[in-house]
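As stored in run_15.cif (mmCIF, C-alpha atoms and all ligand atoms):
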data_data
loop_
_atom_site.label_atom_id
_atom_site.label_comp_id
_atom_site.auth_asym_id
_atom_site.auth_seq_id
_atom_site.Cartn_x
_atom_site.Cartn_y
_atom_site.Cartn_z
CA MET K 1 36.87 -1.61 -17.19
CA SER K 2 36.10 0.74 -14.36
CA VAL K 3 36.46 -0.30 -10.74
CA LEU K 4 33.88 -0.01 -7.98
CA TRP K 5 35.69 1.11 -4.84
CA VAL K 6 34.07 0.54 -1.46
CA LEU K 7 35.01 2.80 1.43
CA GLY K 8 35.41 0.29 4.25
CA ALA K 9 36.61 -3.30 4.24
CA GLY K 10 34.34 -4.98 6.75
CA GLN K 11 31.81 -7.72 6.11
CA LEU K 12 29.50 -5.50 4.09
CA GLY K 13 32.28 -4.59 1.67
CA ALA K 14 33.22 -8.25 1.40
CA MET K 15 29.64 -9.25 0.60
CA LEU K 16 29.30 -6.46 -1.98
CA LYS K 17 32.41 -7.86 -3.66
CA GLN K 18 31.08 -11.40 -3.44
CA ALA K 19 27.76 -10.41 -5.04
CA ALA K 20 29.48 -8.53 -7.87
CA THR K 21 31.83 -11.38 -8.78
CA PRO K 22 29.38 -13.32 -11.00
CA LEU K 23 28.69 -10.07 -12.88
CA GLY K 24 32.38 -9.81 -13.68
CA LEU K 25 32.69 -6.50 -11.87
CA ASP K 26 35.86 -5.42 -10.15
CA VAL K 27 34.88 -4.41 -6.62
CA ARG K 28 37.62 -3.26 -4.26
CA PRO K 29 36.84 -2.68 -0.60
CA VAL K 30 39.36 -0.30 0.98
CA ASP K 31 40.36 -0.45 4.64
CA ILE K 32 39.98 3.08 5.98
CA GLU K 33 43.36 2.77 7.72
CA SER K 34 45.17 1.85 4.52
CA THR K 35 48.00 4.22 3.62
CA GLU K 36 48.29 2.92 0.06
CA THR K 37 48.00 5.23 -2.93
CA LEU K 38 44.89 3.95 -4.69
CA ALA K 39 44.96 3.56 -8.47
CA LEU K 40 41.77 5.57 -8.96
CA SER K 41 40.66 6.32 -12.52
CA PRO K 42 38.29 9.15 -13.39
CA ASP K 43 35.60 6.73 -14.63
CA ASP K 44 35.73 4.55 -11.51
CA ILE K 45 32.82 4.61 -9.07
CA VAL K 46 32.99 4.93 -5.29
CA THR K 47 30.50 3.70 -2.71
CA ALA K 48 30.67 3.08 1.04
CA GLU K 49 29.78 0.28 3.41
CA ARG K 50 29.50 2.69 6.34
CA GLU K 51 27.77 6.03 6.76
CA GLU K 52 30.61 7.79 8.50
CA TRP K 53 34.38 7.76 8.36
CA PRO K 54 37.37 9.57 9.79
CA GLU K 55 39.66 11.52 7.50
CA THR K 56 42.51 9.17 6.64
CA VAL K 57 44.90 8.70 3.74
CA ALA K 58 42.43 6.20 2.25
CA THR K 59 39.16 8.06 2.85
CA LYS K 60 40.61 11.36 1.58
CA GLN K 61 41.47 9.75 -1.75
CA LEU K 62 38.03 8.15 -2.11
CA ALA K 63 35.99 11.11 -0.87
CA THR K 64 37.56 13.48 -3.40
CA HIS K 65 36.65 11.26 -6.35
CA SER K 66 33.96 12.85 -8.51
CA ASN K 67 31.96 9.60 -8.84
CA PHE K 68 31.37 9.01 -5.13
CA VAL K 69 27.68 8.07 -5.19
CA ASN K 70 25.54 9.76 -2.50
CA LEU K 71 28.55 11.61 -1.08
CA ALA K 72 26.43 14.55 0.13
CA THR K 73 23.82 12.27 1.71
CA PHE K 74 26.12 10.42 4.09
CA PRO K 75 26.70 13.29 6.55
CA GLN K 76 22.97 14.12 6.45
CA LEU K 77 22.01 10.65 7.68
CA ALA K 78 25.10 9.82 9.74
CA ASP K 79 24.18 12.60 12.17
CA ARG K 80 20.99 11.63 14.01
CA LEU K 81 20.13 15.32 14.41
CA THR K 82 20.00 16.05 10.67
CA GLN K 83 18.46 12.63 10.00
CA LYS K 84 15.58 13.41 12.38
CA GLN K 85 15.25 16.87 10.79
CA TRP K 86 14.87 15.22 7.38
CA LEU K 87 12.13 12.96 8.73
CA ASP K 88 10.29 15.92 10.26
CA ARG K 89 10.69 18.04 7.12
CA LEU K 90 9.23 15.24 4.99
CA GLU K 91 6.49 14.62 7.57
CA LEU K 92 7.58 11.02 8.01
CA ALA K 93 6.47 9.55 11.33
CA THR K 94 9.27 9.04 13.84
CA ALA K 95 9.64 8.88 17.63
CA PRO K 96 9.15 12.37 19.14
CA TRP K 97 12.54 13.90 19.91
CA PHE K 98 14.58 17.00 20.62
CA PRO K 99 18.25 17.88 20.34
CA VAL K 100 20.17 17.65 23.62
CA GLU K 101 21.74 21.11 24.01
CA ALA K 102 23.95 22.76 26.63
CA ASN K 103 20.90 24.01 28.52
CA SER K 104 18.77 20.85 28.17
CA THR K 105 17.59 19.29 31.42
CA ALA K 106 16.20 15.90 32.29
CA ASP K 107 13.07 17.65 33.62
CA LEU K 108 12.46 19.14 30.19
CA ALA K 109 12.90 15.67 28.67
CA TYR K 110 10.38 14.12 31.08
CA GLU K 111 7.93 16.99 30.53
CA THR K 112 8.03 16.86 26.74
CA LEU K 113 8.75 13.17 26.02
CA GLY K 114 7.46 11.26 29.04
CA ASP K 115 8.91 9.24 31.90
CA ARG K 116 11.30 7.18 29.82
CA VAL K 117 13.57 8.92 27.38
CA LEU K 118 16.32 7.39 25.27
CA MET K 119 19.29 9.59 24.52
CA LYS K 120 21.30 8.60 21.47
CA ARG K 121 24.71 9.97 20.50
CA ARG K 122 24.36 11.95 17.29
CA ARG K 123 27.28 10.14 15.69
CA GLY K 124 28.95 6.80 15.64
CA GLY K 125 26.36 4.70 17.49
CA TYR K 126 25.65 1.16 16.30
CA ASP K 127 24.35 -2.09 17.80
CA GLY K 128 22.75 -0.05 20.58
CA LYS K 129 26.08 1.48 21.59
CA GLY K 130 25.87 5.21 22.27
CA GLN K 131 22.51 5.05 24.05
CA TYR K 132 21.64 6.33 27.51
CA TRP K 133 18.27 5.90 29.22
CA LEU K 134 16.76 8.72 31.23
CA LYS K 135 14.24 7.34 33.71
CA HIS K 136 12.05 9.72 35.67
CA ALA K 137 11.41 7.11 38.36
CA GLU K 138 15.14 6.85 38.98
CA GLY K 139 15.76 10.60 38.71
CA THR K 140 18.36 10.12 35.99
CA ASP K 141 20.06 13.34 34.86
CA ILE K 142 21.71 14.25 31.55
CA PRO K 143 25.47 13.74 31.86
CA GLU K 144 27.44 16.84 30.84
CA ASP K 145 29.31 14.99 28.11
CA TRP K 146 26.04 14.21 26.30
CA LYS K 147 25.07 17.85 25.91
CA GLY K 148 25.37 19.07 22.33
CA LEU K 149 26.25 15.57 21.18
CA ALA K 150 22.98 13.66 21.41
CA ILE K 151 19.29 13.63 20.67
CA ALA K 152 16.61 12.63 23.17
CA GLU K 153 13.85 10.34 21.98
CA GLN K 154 10.58 9.22 23.47
CA ALA K 155 10.57 5.57 24.54
CA ILE K 156 8.31 3.80 22.09
CA ASN K 157 6.26 0.95 23.42
CA PHE K 158 6.32 -0.83 20.09
CA ASP K 159 4.63 -4.11 19.19
CA GLU K 160 7.59 -5.21 17.11
CA GLU K 161 10.43 -3.98 14.91
CA VAL K 162 10.36 -4.22 11.14
CA SER K 163 12.61 -2.92 8.40
CA LEU K 164 12.33 -2.17 4.75
CA VAL K 165 15.27 -2.55 2.37
CA GLY K 166 14.88 -0.80 -0.95
CA VAL K 167 16.96 0.17 -3.95
CA ARG K 168 16.74 3.28 -6.10
CA GLY K 169 18.34 3.66 -9.50
CA LYS K 170 19.86 6.72 -11.14
CA ASP K 171 16.64 7.15 -13.12
CA GLY K 172 14.59 7.18 -9.90
CA GLN K 173 13.04 3.71 -10.24
CA THR K 174 12.66 1.89 -6.95
CA HIS K 175 12.30 -1.75 -5.88
CA PHE K 176 11.74 -3.19 -2.44
CA TYR K 177 12.04 -6.45 -0.59
CA PRO K 178 9.16 -7.57 1.60
CA LEU K 179 9.18 -6.11 5.09
CA THR K 180 11.46 -7.96 7.47
CA LEU K 181 10.59 -8.68 11.08
CA ASN K 182 13.57 -8.12 13.39
CA LEU K 183 14.44 -9.12 16.93
CA HIS K 184 16.89 -6.91 18.83
CA ILE K 185 18.20 -8.00 22.20
CA ASN K 186 19.98 -5.28 24.19
CA GLY K 187 19.96 -3.00 21.14
CA ILE K 188 21.64 -5.52 18.81
CA LEU K 189 19.99 -7.42 15.95
CA TYR K 190 19.83 -11.14 16.69
CA ALA K 191 17.35 -12.48 14.17
CA SER K 192 15.28 -11.56 11.12
CA ILE K 193 12.49 -13.27 9.26
CA SER K 194 10.87 -12.46 5.91
CA PRO K 195 8.51 -12.50 4.10
CA LEU K 196 5.55 -12.61 6.46
CA GLU K 197 1.99 -12.58 5.21
CA ARG K 198 0.81 -10.67 8.23
CA LEU K 199 3.14 -7.73 7.44
CA LYS K 200 1.77 -7.36 3.91
CA PRO K 201 -0.84 -4.73 4.88
CA LEU K 202 2.06 -2.44 5.92
CA GLN K 203 4.15 -2.95 2.77
CA ASN K 204 2.71 -0.15 0.61
CA LYS K 205 2.86 2.40 3.39
CA ALA K 206 6.46 1.47 4.19
CA GLU K 207 7.46 1.66 0.52
CA SER K 208 5.91 5.10 0.10
CA MET K 209 7.78 6.36 3.19
CA LEU K 210 11.16 5.14 1.99
CA THR K 211 10.47 6.31 -1.58
CA LYS K 212 9.71 9.81 -0.33
CA LEU K 213 13.01 9.86 1.48
CA MET K 214 15.14 8.41 -1.29
CA ASP K 215 13.53 10.77 -3.81
CA ALA K 216 14.12 13.80 -1.59
CA LEU K 217 17.80 12.87 -1.25
CA ASP K 218 18.06 11.82 -4.92
CA TYR K 219 19.58 8.68 -3.43
CA VAL K 220 21.09 5.92 -5.58
CA GLY K 221 21.64 2.41 -4.21
CA VAL K 222 20.29 0.35 -1.34
CA MET K 223 18.85 2.05 1.72
CA ALA K 224 17.32 0.51 4.82
CA MET K 225 14.57 1.94 6.98
CA GLU K 226 14.19 0.53 10.49
CA CYS K 227 10.71 0.99 11.94
CA PHE K 228 8.70 0.40 15.06
CA ARG K 229 5.31 -1.12 14.42
CA VAL K 230 2.76 0.31 16.81
CA GLY K 231 -0.59 -1.22 15.92
CA ASP K 232 -1.19 -0.41 12.24
CA HIS K 233 1.32 2.43 12.28
CA LEU K 234 4.98 2.60 11.42
CA LEU K 235 7.36 4.99 13.14
CA ILE K 236 10.79 5.32 11.57
CA ASN K 237 13.50 4.45 14.08
CA GLU K 238 16.49 5.15 11.86
CA LEU K 239 17.80 5.03 8.33
CA ALA K 240 20.93 3.42 6.95
CA PRO K 241 22.24 4.69 3.59
CA ARG K 242 23.80 1.34 2.73
CA VAL K 243 23.23 -2.39 2.65
CA HIS K 244 21.86 -3.50 5.98
CA ASN K 245 22.05 -6.44 8.37
CA SER K 246 18.28 -6.96 8.21
CA GLY K 247 18.64 -7.54 4.45
CA HIS K 248 21.19 -10.35 4.75
CA TRP K 249 18.46 -12.98 4.28
CA THR K 250 18.15 -11.84 0.64
CA GLN K 251 21.44 -13.64 -0.09
CA ALA K 252 19.53 -16.91 0.32
CA GLY K 253 15.98 -15.82 -0.30
CA ALA K 254 15.88 -13.52 -3.33
CA SER K 255 16.90 -13.80 -6.96
CA VAL K 256 18.84 -10.54 -6.62
CA CYS K 257 20.24 -9.94 -3.13
CA GLN K 258 20.63 -6.52 -1.53
CA PHE K 259 24.37 -6.51 -2.23
CA GLU K 260 23.92 -7.15 -5.95
CA ASN K 261 21.14 -4.56 -6.07
CA HIS K 262 23.40 -1.95 -4.52
CA VAL K 263 26.19 -2.75 -6.94
CA ARG K 264 23.79 -2.65 -9.89
CA ALA K 265 22.34 0.69 -8.81
CA VAL K 266 25.58 2.54 -8.19
CA THR K 267 27.18 1.23 -11.39
CA GLY K 268 24.08 2.06 -13.47
CA LEU K 269 23.23 -1.54 -14.38
CA PRO K 270 19.58 -2.58 -14.88
CA LEU K 271 17.34 -3.01 -11.84
CA VAL K 272 14.44 -5.44 -11.70
CA PRO K 273 12.07 -6.52 -8.94
CA ALA K 274 13.73 -9.40 -7.09
CA ASN K 275 11.96 -12.72 -7.06
CA VAL K 276 11.50 -13.72 -3.43
CA LYS K 277 12.01 -17.46 -3.34
CA ASN K 278 10.61 -18.93 -0.14
CA GLN K 279 10.52 -18.41 3.58
CA SER K 280 13.79 -16.94 4.82
CA MET K 281 15.29 -16.27 8.21
CA MET K 282 18.64 -15.03 9.45
CA VAL K 283 20.50 -15.48 12.71
CA ASN K 284 23.37 -13.14 13.54
CA LEU K 285 26.45 -14.73 15.09
CA ILE K 286 27.35 -12.44 17.95
CA GLY K 287 30.34 -13.17 20.16
CA VAL K 288 30.31 -16.89 19.36
CA ASP K 289 33.01 -19.02 17.75
CA VAL K 290 32.45 -20.62 14.38
CA ASP K 291 31.34 -24.24 14.54
CA TYR K 292 31.63 -26.06 11.21
CA GLN K 293 29.31 -28.76 12.56
CA TRP K 294 26.57 -26.23 11.82
CA LEU K 295 27.05 -27.20 8.19
CA ASN K 296 25.33 -30.51 9.00
CA ILE K 297 22.08 -28.59 9.38
CA LYS K 298 19.91 -28.87 6.30
CA GLY K 299 19.14 -25.53 4.69
CA LEU K 300 21.78 -23.60 6.64
CA GLU K 301 24.10 -21.14 4.86
CA LEU K 302 27.05 -19.85 6.86
CA TYR K 303 28.71 -16.47 6.44
CA TRP K 304 31.76 -16.20 8.70
CA TYR K 305 33.46 -12.79 8.64
CA LYS K 306 36.88 -13.96 9.90
CA LYS K 307 36.92 -11.35 12.66
CA ASP K 308 38.27 -11.84 16.17
CA VAL K 309 35.47 -13.07 18.40
CA ARG K 310 34.61 -10.66 21.20
CA PRO K 311 31.52 -10.49 23.39
CA GLY K 312 28.78 -8.51 21.66
CA ARG K 313 30.63 -8.40 18.32
CA LYS K 314 28.94 -9.50 15.07
CA VAL K 315 31.22 -12.12 13.60
CA GLY K 316 28.98 -13.86 11.09
CA HIS K 317 25.45 -14.81 10.22
CA LEU K 318 23.39 -17.84 9.27
CA ASN K 319 20.83 -17.71 6.47
CA PHE K 320 18.04 -20.19 5.91
CA CYS K 321 15.61 -20.35 3.03
CA SER K 322 13.16 -23.13 2.34
CA GLY K 323 9.73 -23.79 0.94
CA ASP K 324 9.43 -26.57 3.48
CA LEU K 325 8.72 -24.97 6.85
CA SER K 326 9.55 -28.17 8.71
CA VAL K 327 13.15 -27.84 7.44
CA LEU K 328 13.31 -24.41 9.08
CA GLN K 329 11.72 -25.57 12.34
CA THR K 330 14.12 -28.52 12.49
CA ALA K 331 17.09 -26.22 11.89
CA LEU K 332 15.97 -24.00 14.77
CA SER K 333 15.57 -26.88 17.16
CA THR K 334 18.96 -28.34 16.13
CA LEU K 335 20.99 -25.15 16.50
CA ASP K 336 22.78 -25.15 19.82
CA LEU K 337 23.81 -21.62 20.76
CA PRO K 338 24.44 -20.00 24.15
CA GLU K 339 22.38 -17.32 25.93
CA PRO K 340 20.58 -15.22 24.75
CA TYR K 341 20.08 -17.33 21.59
CA PRO K 342 17.35 -19.58 22.98
CA GLU K 343 15.14 -16.47 23.07
CA ALA K 344 16.01 -15.58 19.46
CA LEU K 345 15.47 -19.12 18.16
CA THR K 346 12.16 -19.45 19.98
CA TRP K 347 11.12 -16.09 18.56
CA LEU K 348 11.91 -17.28 15.02
CA ALA K 349 10.07 -20.58 15.53
CA LYS K 350 7.04 -18.71 16.83
CA ASN K 351 7.01 -16.31 13.89
CA LEU K 352 7.36 -18.93 11.17
CA PRO K 353 4.01 -19.33 9.40
P1 LIG C 1 21.98 -0.28 14.58
O1 LIG C 1 22.94 -1.35 14.91
O2 LIG C 1 20.66 -0.81 14.07
O3 LIG C 1 22.54 0.79 13.70
P2 LIG C 1 21.86 1.76 16.64
O4 LIG C 1 22.86 1.63 17.68
O5 LIG C 1 22.08 2.76 15.57
O6 LIG C 1 21.55 0.34 15.99
P3 LIG C 1 19.00 2.21 17.12
O7 LIG C 1 18.58 1.41 15.96
O8 LIG C 1 18.58 3.62 17.17
O9 LIG C 1 20.56 2.13 17.44
O10 LIG C 1 18.48 1.49 18.44
C1 LIG C 1 18.83 0.13 18.70
C2 LIG C 1 17.62 -0.57 19.28
O11 LIG C 1 17.23 0.08 20.51
C3 LIG C 1 16.38 -0.51 18.41
O12 LIG C 1 16.41 -1.49 17.41
C4 LIG C 1 15.31 -0.74 19.45
O13 LIG C 1 15.24 -2.09 19.83
C5 LIG C 1 15.83 0.07 20.63
N1 LIG C 1 15.31 1.46 20.56
C6 LIG C 1 15.81 2.46 19.82
N2 LIG C 1 15.10 3.59 19.94
C7 LIG C 1 14.10 3.31 20.79
C8 LIG C 1 13.00 4.06 21.32
N3 LIG C 1 12.81 5.35 21.00
N4 LIG C 1 12.16 3.43 22.16
C9 LIG C 1 12.33 2.13 22.48
N5 LIG C 1 13.34 1.37 22.03
C10 LIG C 1 14.22 1.94 21.19
MG MG C 2 22.12 2.64 13.55
MG MG C 3 19.17 0.41 14.41
#
Output the file's structure in the form of structure tokens.
Amino acid sequence: MSVLWVLGAGQLGAMLKQAATPLGLDVRPVDIESTETLALSPDDIVTAEREEWPETVATKQLATHSNFVNLATFPQLADRLTQKQWLDRLELATAPWFPVEANSTADLAYETLGDRVLMKRRRGGYDGKGQYWLKHAEGTDIPEDWKGLAIAEQAINFDEEVSLVGVRGKDGQTHFYPLTLNLHINGILYASISPLERLKPLQNKAESMLTKLMDALDYVGVMAMECFRVGDHLLINELAPRVHNSGHWTQAGASVCQFENHVRAVTGLPLVPANVKNQSMMVNLIGVDVDYQWLNIKGLELYWYKKDVRPGRKVGHLNFCSGDLSVLQTALSTLDLPEPYPEALTWLAKNLP
């Protein structure tokens, strides 16, 4: 039987493998620093858990395989410049922006985008790393080493952040999870909650936006679209051509989770609309040690990534799914986590129906 290789051996690769195990599929995440010669067969399939990678012994072997799904799409979306160009070309709403070039000035940014402008490195940024605020009031200038390597984006005074996780098959069929409400603190995702009745009016619009994009790219697999909700409107913040942190709740809360859906799509297995079970929420574990006493909390599901704990580093997540909202409220009031978690837990409690 053919093997599904995953470029990257982080938590996303591990969870793809975990989801594929009951299907009897052989999924092999590959560490990009591995120097091993991989036993690739022509009928194997290759996917990735990350949108960008350096050229290494491992990535060279995988990236030259003829069944690397979406290979041409990764560089298009991994570079924020070409990603924004795709959004503009498809007339998909996004924060106003321009490329930061050698001759770009902060004055031009303030003139065209307003008094607060967020520069983002074109490549490699994640968890809010690779961002630089330009503030007119403080007279901030564009550092030389950002020129040619960043985009500048208008600061969006959004009401909240939502994301849509969808899957597209080889035949072009698409399926979506309900919109997820996300809380970022200092640019990093702390908590998600889904489904929410009050987001339903935005579901169709969001699905049509992501469908347009996946169709244009002839994309196969799971893709995530992060949006700002401004009133009744959605502005696309960014796209991720892979399984996504804001879809982790589907492991507990959907009959087919995002990881299984991605595996099904790239291997050409049947896709069906996932049955969303109950109310779900997810808490990212960021820079905190594992505490197995958490397992005393009813309804809690722990995913610990076995990574070294460092401040600001995602090292696990907690999923909760229940039809009994009091179980979820009790879990939130029982969880004892350091700053800035009280804000995230209060936010979840407030957003529970
Ligand atoms: P991720 O870990 O999701 O890949 P990232 O580092 O790629 O994050 P973005 O998603 O672009 O970065 O930004 C991180 C967060 O910063 C957003 O979720 C949002 O909270 C805030 N942010 C981004 N762009 C803007 C903007 N134009 N205006 C206001 N806030 C923004
Ligand atoms: Mg990102
Ligand atoms: Mg983001």
Residues within 9 Å of ligand MG 2 (chain C) (only C-alpha atoms and all ligand atoms), as a JSON list (two decimals) with C-alpha atoms, in the frame of the given file?
[["chain", "number", "residue", "atom", "x", "y", "z"],
["K", 78, "ALA", "CA", 25.10, 9.82, 9.74],
["K", 124, "GLY", "CA", 28.95, 6.80, 15.64],
["K", 125, "GLY", "CA", 26.36, 4.70, 17.49],
["K", 126, "TYR", "CA", 25.65, 1.16, 16.30],
["K", 127, "ASP", "CA", 24.35, -2.09, 17.80],
["K", 128, "GLY", "CA", 22.75, -0.05, 20.58],
["K", 226, "GLU", "CA", 14.19, 0.53, 10.49],
["K", 237, "ASN", "CA", 13.50, 4.45, 14.08],
["K", 238, "GLU", "CA", 16.49, 5.15, 11.86],
["K", 239, "LEU", "CA", 17.80, 5.03, 8.33],
["K", 240, "ALA", "CA", 20.93, 3.42, 6.95]]
Report as a compact mmCIF listing (two decimals) with C-alpha atoms, in the coordinates of the input all protein, DNA and RNA residues lying within 10 Å of Leu23 (chain K), evaluated on all atoms listed in the file, omitting residues in the same chain fewer than 3 positions from it.
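The result, written out as selection.txt:
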# COMPACT_ATOMS: atom_id res chain seq x y z
CA GLN K 18 31.08 -11.40 -3.44
CA ALA K 19 27.76 -10.41 -5.04
CA ALA K 20 29.48 -8.53 -7.87
CA ASP K 26 35.86 -5.42 -10.15
CA GLU K 260 23.92 -7.15 -5.95
CA VAL K 263 26.19 -2.75 -6.94
CA ARG K 264 23.79 -2.65 -9.89
Using only C-alpha atoms, the shortest atom-to-atom distance to Val162 (chain K) among K:Gln251, K:Ser192, K:Thr267, K:Thr140 belongs to K:Ser192
- Query: Neighbours of Ala58 (chain K) within 9 Å (all atoms listed in the file; same-chain residues fewer than 4 positions away dropped), as number ranges by chain?
  - Reply: K: 7, 30-38, 62-63
Quick one: residues within 10 Å of ligand LIG 1 (chain C), with all atoms listed in the file, as a short mmCIF file (atom, residue, chain, number, x, y, z; two decimals) with C-alpha atoms, keeping the file's coordinate frame?
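Here's the written file out-v9.cif:
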data_model
loop_
_atom_site.label_atom_id
_atom_site.label_comp_id
_atom_site.auth_asym_id
_atom_site.auth_seq_id
_atom_site.Cartn_x
_atom_site.Cartn_y
_atom_site.Cartn_z
CA ALA K 78 25.10 9.82 9.74
CA ARG K 80 20.99 11.63 14.01
CA THR K 94 9.27 9.04 13.84
CA ALA K 95 9.64 8.88 17.63
CA PRO K 96 9.15 12.37 19.14
CA TRP K 97 12.54 13.90 19.91
CA ARG K 116 11.30 7.18 29.82
CA VAL K 117 13.57 8.92 27.38
CA LEU K 118 16.32 7.39 25.27
CA MET K 119 19.29 9.59 24.52
CA LYS K 120 21.30 8.60 21.47
CA ARG K 121 24.71 9.97 20.50
CA ARG K 122 24.36 11.95 17.29
CA ARG K 123 27.28 10.14 15.69
CA GLY K 124 28.95 6.80 15.64
CA GLY K 125 26.36 4.70 17.49
CA TYR K 126 25.65 1.16 16.30
CA ASP K 127 24.35 -2.09 17.80
CA GLY K 128 22.75 -0.05 20.58
CA LYS K 129 26.08 1.48 21.59
CA GLY K 130 25.87 5.21 22.27
CA GLN K 131 22.51 5.05 24.05
CA TRP K 133 18.27 5.90 29.22
CA ALA K 152 16.61 12.63 23.17
CA GLU K 153 13.85 10.34 21.98
CA GLN K 154 10.58 9.22 23.47
CA ALA K 155 10.57 5.57 24.54
CA ILE K 156 8.31 3.80 22.09
CA ASN K 157 6.26 0.95 23.42
CA PHE K 158 6.32 -0.83 20.09
CA GLU K 160 7.59 -5.21 17.11
CA GLU K 161 10.43 -3.98 14.91
CA VAL K 162 10.36 -4.22 11.14
CA SER K 163 12.61 -2.92 8.40
CA ASN K 182 13.57 -8.12 13.39
CA LEU K 183 14.44 -9.12 16.93
CA HIS K 184 16.89 -6.91 18.83
CA ILE K 185 18.20 -8.00 22.20
CA ASN K 186 19.98 -5.28 24.19
CA GLY K 187 19.96 -3.00 21.14
CA ILE K 188 21.64 -5.52 18.81
CA LEU K 189 19.99 -7.42 15.95
CA ALA K 224 17.32 0.51 4.82
CA MET K 225 14.57 1.94 6.98
CA GLU K 226 14.19 0.53 10.49
CA CYS K 227 10.71 0.99 11.94
CA PHE K 228 8.70 0.40 15.06
CA LEU K 235 7.36 4.99 13.14
CA ILE K 236 10.79 5.32 11.57
CA ASN K 237 13.50 4.45 14.08
CA GLU K 238 16.49 5.15 11.86
CA LEU K 239 17.80 5.03 8.33
CA ALA K 240 20.93 3.42 6.95
CA HIS K 244 21.86 -3.50 5.98
CA ASN K 245 22.05 -6.44 8.37
CA SER K 246 18.28 -6.96 8.21
#
Practice problem: Compile the contact shell of Glu144 (chain K) as a PyMOL selection string: residues with an atom at most 10 Å away, counting only C-alpha atoms, same-chain residues fewer than 5 positions apart removed. | Solution: chain K and resi 101-104+149
Using all atoms listed in the file, what table do you get, as a Markdown table, when you list each residue of region 51-156 of chain K with an atom no more than 8 Å from region 203-216 of chain K, its nearest pair of atoms, and their distance in Å rounded to one decimal, rows by chain then rising number?
| residue | atom | partner | partner_atom | distance |
| --- | --- | --- | --- | --- |
| K:Leu87 | CA | K:Leu213 | CA | 7.9 |
| K:Leu90 | CA | K:Leu213 | CA | 7.5 |
| K:Leu92 | CA | K:Met209 | CA | 6.7 |
Hey, what's within 8 Å of Leu179 (chain K) if we count only C-alpha atoms and toss same-chain stuff fewer than 2 positions away? As a PyMOL selection string, please? chain K and resi 162-165+177+181+194-196+199-200+203
- Query: Which value, in Å to one decimal, gives the distance between CA of Ser66 (chain K) and CA of Gly247 (chain K)?
  - Reply: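 One can read the CA of Ser66 (chain K) to CA of Gly247 (chain K) distance as 28.6 Å.
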(request) Enter the distance from CA of Ala9 (chain K) to CA of Leu302 (chain K), in Å, rounded to one decimal. (result)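 Between CA of Ala9 (chain K) and CA of Leu302 (chain K) the gap works out to 19.3 Å.
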I'd like to know which of K:Gln293, K:Thr112, K:Ala106, K:Val283 is closest to Lys135 (chain K), using all atoms listed in the file.
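Counting all atoms listed in the file, the residue closest to Lys135 (chain K) is K:Ala106.
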*Restricting the calculation to all atoms listed in the file, which member of K:Asn261, K:Thr73, K:Asn351, K:Asn296 is positioned closest to Arg198 (chain K)?*
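Looking at the shortest contact to Arg198 (chain K), the residue is K:Asn351.
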Counting only C-alpha atoms and all ligand atoms, closest pick from K:Tyr190, K:Asp145, K:Leu295, K:Thr330 relative to ligand MG 3 (chain C) is K:Tyr190
